[in-house]
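> Have a look at this one.
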Amino acid sequence: MMTANNSAAVECSSSPPHVSMIPLRGASPCTVSMCFGNYGVSEELNHSINERYRIAIISGSANPQLAKDVAHVLGIAPAPVVLGHFADGEIKVQLKESIRGADIYIVQPTCPPNVDSNIQELILLIHCCKLSSARRVTAVVPYYGYARQDRKHAPRVPISASCVARQILSAEPDRLLFIDLHCGQLQGFFGNTPTDHLSADSVFFNNFAELFREDKDNVVIVSPDAGGVHRAKMLADMLYINSMATILKRRAEANKIESMQLVGDVKGKLAIIYDDIIDTAGTLVAAANLLKQNGAKAVYAAAAHGIFSANALEKITESPLERVFVTDTIRQDNNVKRCPKLTVLSVATMIASAVAVIHAEQSISMLNTGSM
């Protein structure tokens, strides 16, 4: 396998001086993959072959700014692609440059407001890249739609997360990269296809370590439900915060809470509610009210994915929450204009670092993001 940064030919001491050689990836300089000495190959083609296994970032229409930011961190431009619809509503996809032999990373969260369209677009982009002879195609899915439908919660309902996973796998991606799946077990729905699971813990850690530097001993990390305790503990451990609390809740139905109970002490403390998703914000606002009723000095919230359905932003604006932190796994450019309490942190550097590590065939765990 040839490396992208191998712009100059390498010669072995044991070889004739007129023979230029390109080393295989991971091999010693004396390991030869091709020799061009007397075969009439132009310098331009030689350079092209050296550069062929390059990184290429391709953006779907769900979050093009994130893809641009990732490419910018990597020092490259996103590959040009035409995305649109035909007259009958079918999705149109066309790559505008050759990606033959390239290491492709398609950035496409399957998020609202066009969840199903974004999924189909991702599938077509993967298929298009495979047909265009890309060497490897990695689907970077910062937010995975349908993740909360991961089991049968009632009779005669589908396990939608599994069904969507099979749809994506039908396009045969070589690898998948996720950020904060609703539950880590979702990786099992993708069978034998390698998956990497990053966490936004490190993004929030960098921000909170500075924001609460003077009051760290007075901060408590709050899990909004029993299932999120591990997530909250990860952030607390990174910040060296000993205080944690949990809210136990009973749901009447989806997005409707029947009762809530606080376990832990928050009196006089700065409480940070830490979750993976903020959807309608009903649970979040109810949790903030409960914490204030139990004596919390101030209440903040953080979540990797800000969906903000219906009137969620209005609820947050009118709530006792001081600030709400989310990442840009889902586009937030319009939401920050509607809600003065909303702060958006970027995951572009984290994704770009993961892309660089994967391209170099190294372990994702070296990034120390809290990834699983």
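As shown in the structure tokens, the chain order sets the letters A, B, ...; within each chain, residues go from 1, and ligands are also counted from 1 in the order they appear.
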For the interface of range 242-342 of chain A with range 140-147 of chain A (cut-off 10 Å, counting only C-alpha atoms), please tabulate each contacting residue of range 242-342 of chain A alongside its nearest pair of atoms and their separation in Å to one decimal, rows sorted by chain and increasing number, as a tab-separated table.

```
residue	atom	partner	partner_atom	distance
A:Ile277	CA	A:Tyr143	CA	9.7
A:Ala304	CA	A:Tyr143	CA	8.9
A:His305	CA	A:Tyr143	CA	7.0
A:Gly306	CA	A:Tyr143	CA	9.8
A:Ile307	CA	A:Tyr143	CA	9.9
A:Thr327	CA	A:Pro142	CA	9.9
A:Asp328	CA	A:Pro142	CA	8.8
A:Thr329	CA	A:Pro142	CA	5.1
A:Ile330	CA	A:Tyr143	CA	7.0
```
> Could you find all residues in range 112-155 of chain A that DSSP calls alpha helix (DSSP H) from the backbone, and write them as a list in words?
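Everything in range 112-155 of chain A that counts as alpha helix (DSSP H) is Val115, Asp116, Ser117, Asn118, Ile119, Gln120, Glu121, Leu122, Ile123, Leu124, Leu125, Ile126, His127, Cys128, Cys129, Lys130 and Leu131 of chain A.
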> Residues as selected, N, CA and C atoms, written as a PDB file, in the first residue's frame, can you do that?

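Result went into selection_22.pdb, see below:
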```
ATOM      1  N   VAL A 115     -34.488  13.303   8.172  1.00  0.00           N
ATOM      2  CA  VAL A 115     -33.784  12.104   8.630  1.00  0.00           C
ATOM      3  C   VAL A 115     -33.709  11.053   7.537  1.00  0.00           C
ATOM      4  N   ASP A 116     -34.843  10.670   6.974  1.00  0.00           N
ATOM      5  CA  ASP A 116     -34.871   9.582   5.997  1.00  0.00           C
ATOM      6  C   ASP A 116     -34.132   9.954   4.713  1.00  0.00           C
ATOM      7  N   SER A 117     -34.263  11.203   4.292  1.00  0.00           N
ATOM      8  CA  SER A 117     -33.544  11.664   3.109  1.00  0.00           C
ATOM      9  C   SER A 117     -32.034  11.642   3.341  1.00  0.00           C
ATOM     10  N   ASN A 118     -31.616  12.015   4.547  1.00  0.00           N
ATOM     11  CA  ASN A 118     -30.188  12.006   4.866  1.00  0.00           C
ATOM     12  C   ASN A 118     -29.623  10.588   4.895  1.00  0.00           C
ATOM     13  N   ILE A 119     -30.423   9.651   5.378  1.00  0.00           N
ATOM     14  CA  ILE A 119     -29.990   8.248   5.366  1.00  0.00           C
ATOM     15  C   ILE A 119     -29.818   7.764   3.936  1.00  0.00           C
ATOM     16  N   GLN A 120     -30.815   8.036   3.085  1.00  0.00           N
ATOM     17  CA  GLN A 120     -30.741   7.593   1.697  1.00  0.00           C
ATOM     18  C   GLN A 120     -29.576   8.256   0.967  1.00  0.00           C
ATOM     19  N   GLU A 121     -29.343   9.525   1.255  1.00  0.00           N
ATOM     20  CA  GLU A 121     -28.225  10.236   0.629  1.00  0.00           C
ATOM     21  C   GLU A 121     -26.893   9.620   1.038  1.00  0.00           C
ATOM     22  N   LEU A 122     -26.768   9.258   2.324  1.00  0.00           N
ATOM     23  CA  LEU A 122     -25.556   8.594   2.797  1.00  0.00           C
ATOM     24  C   LEU A 122     -25.326   7.288   2.060  1.00  0.00           C
ATOM     25  N   ILE A 123     -26.376   6.506   1.901  1.00  0.00           N
ATOM     26  CA  ILE A 123     -26.262   5.213   1.205  1.00  0.00           C
ATOM     27  C   ILE A 123     -25.802   5.419  -0.240  1.00  0.00           C
ATOM     28  N   LEU A 124     -26.385   6.408  -0.911  1.00  0.00           N
ATOM     29  CA  LEU A 124     -26.020   6.667  -2.304  1.00  0.00           C
ATOM     30  C   LEU A 124     -24.588   7.196  -2.421  1.00  0.00           C
ATOM     31  N   LEU A 125     -24.164   8.010  -1.468  1.00  0.00           N
ATOM     32  CA  LEU A 125     -22.786   8.512  -1.489  1.00  0.00           C
ATOM     33  C   LEU A 125     -21.780   7.376  -1.306  1.00  0.00           C
ATOM     34  N   ILE A 126     -22.078   6.472  -0.382  1.00  0.00           N
ATOM     35  CA  ILE A 126     -21.197   5.303  -0.180  1.00  0.00           C
ATOM     36  C   ILE A 126     -21.126   4.478  -1.455  1.00  0.00           C
ATOM     37  N   HIS A 127     -22.291   4.198  -2.021  1.00  0.00           N
ATOM     38  CA  HIS A 127     -22.366   3.391  -3.245  1.00  0.00           C
ATOM     39  C   HIS A 127     -21.616   4.067  -4.377  1.00  0.00           C
ATOM     40  N   CYS A 128     -21.779   5.376  -4.503  1.00  0.00           N
ATOM     41  CA  CYS A 128     -21.116   6.139  -5.562  1.00  0.00           C
ATOM     42  C   CYS A 128     -19.597   6.043  -5.417  1.00  0.00           C
ATOM     43  N   CYS A 129     -19.106   6.158  -4.198  1.00  0.00           N
ATOM     44  CA  CYS A 129     -17.663   6.081  -3.956  1.00  0.00           C
ATOM     45  C   CYS A 129     -17.118   4.688  -4.249  1.00  0.00           C
ATOM     46  N   LYS A 130     -17.885   3.672  -3.899  1.00  0.00           N
ATOM     47  CA  LYS A 130     -17.445   2.303  -4.181  1.00  0.00           C
ATOM     48  C   LYS A 130     -17.355   2.064  -5.688  1.00  0.00           C
ATOM     49  N   LEU A 131     -18.360   2.570  -6.421  1.00  0.00           N
ATOM     50  CA  LEU A 131     -18.360   2.416  -7.870  1.00  0.00           C
ATOM     51  C   LEU A 131     -17.259   3.240  -8.527  1.00  0.00           C
TER      52      LEU A 131
END
```
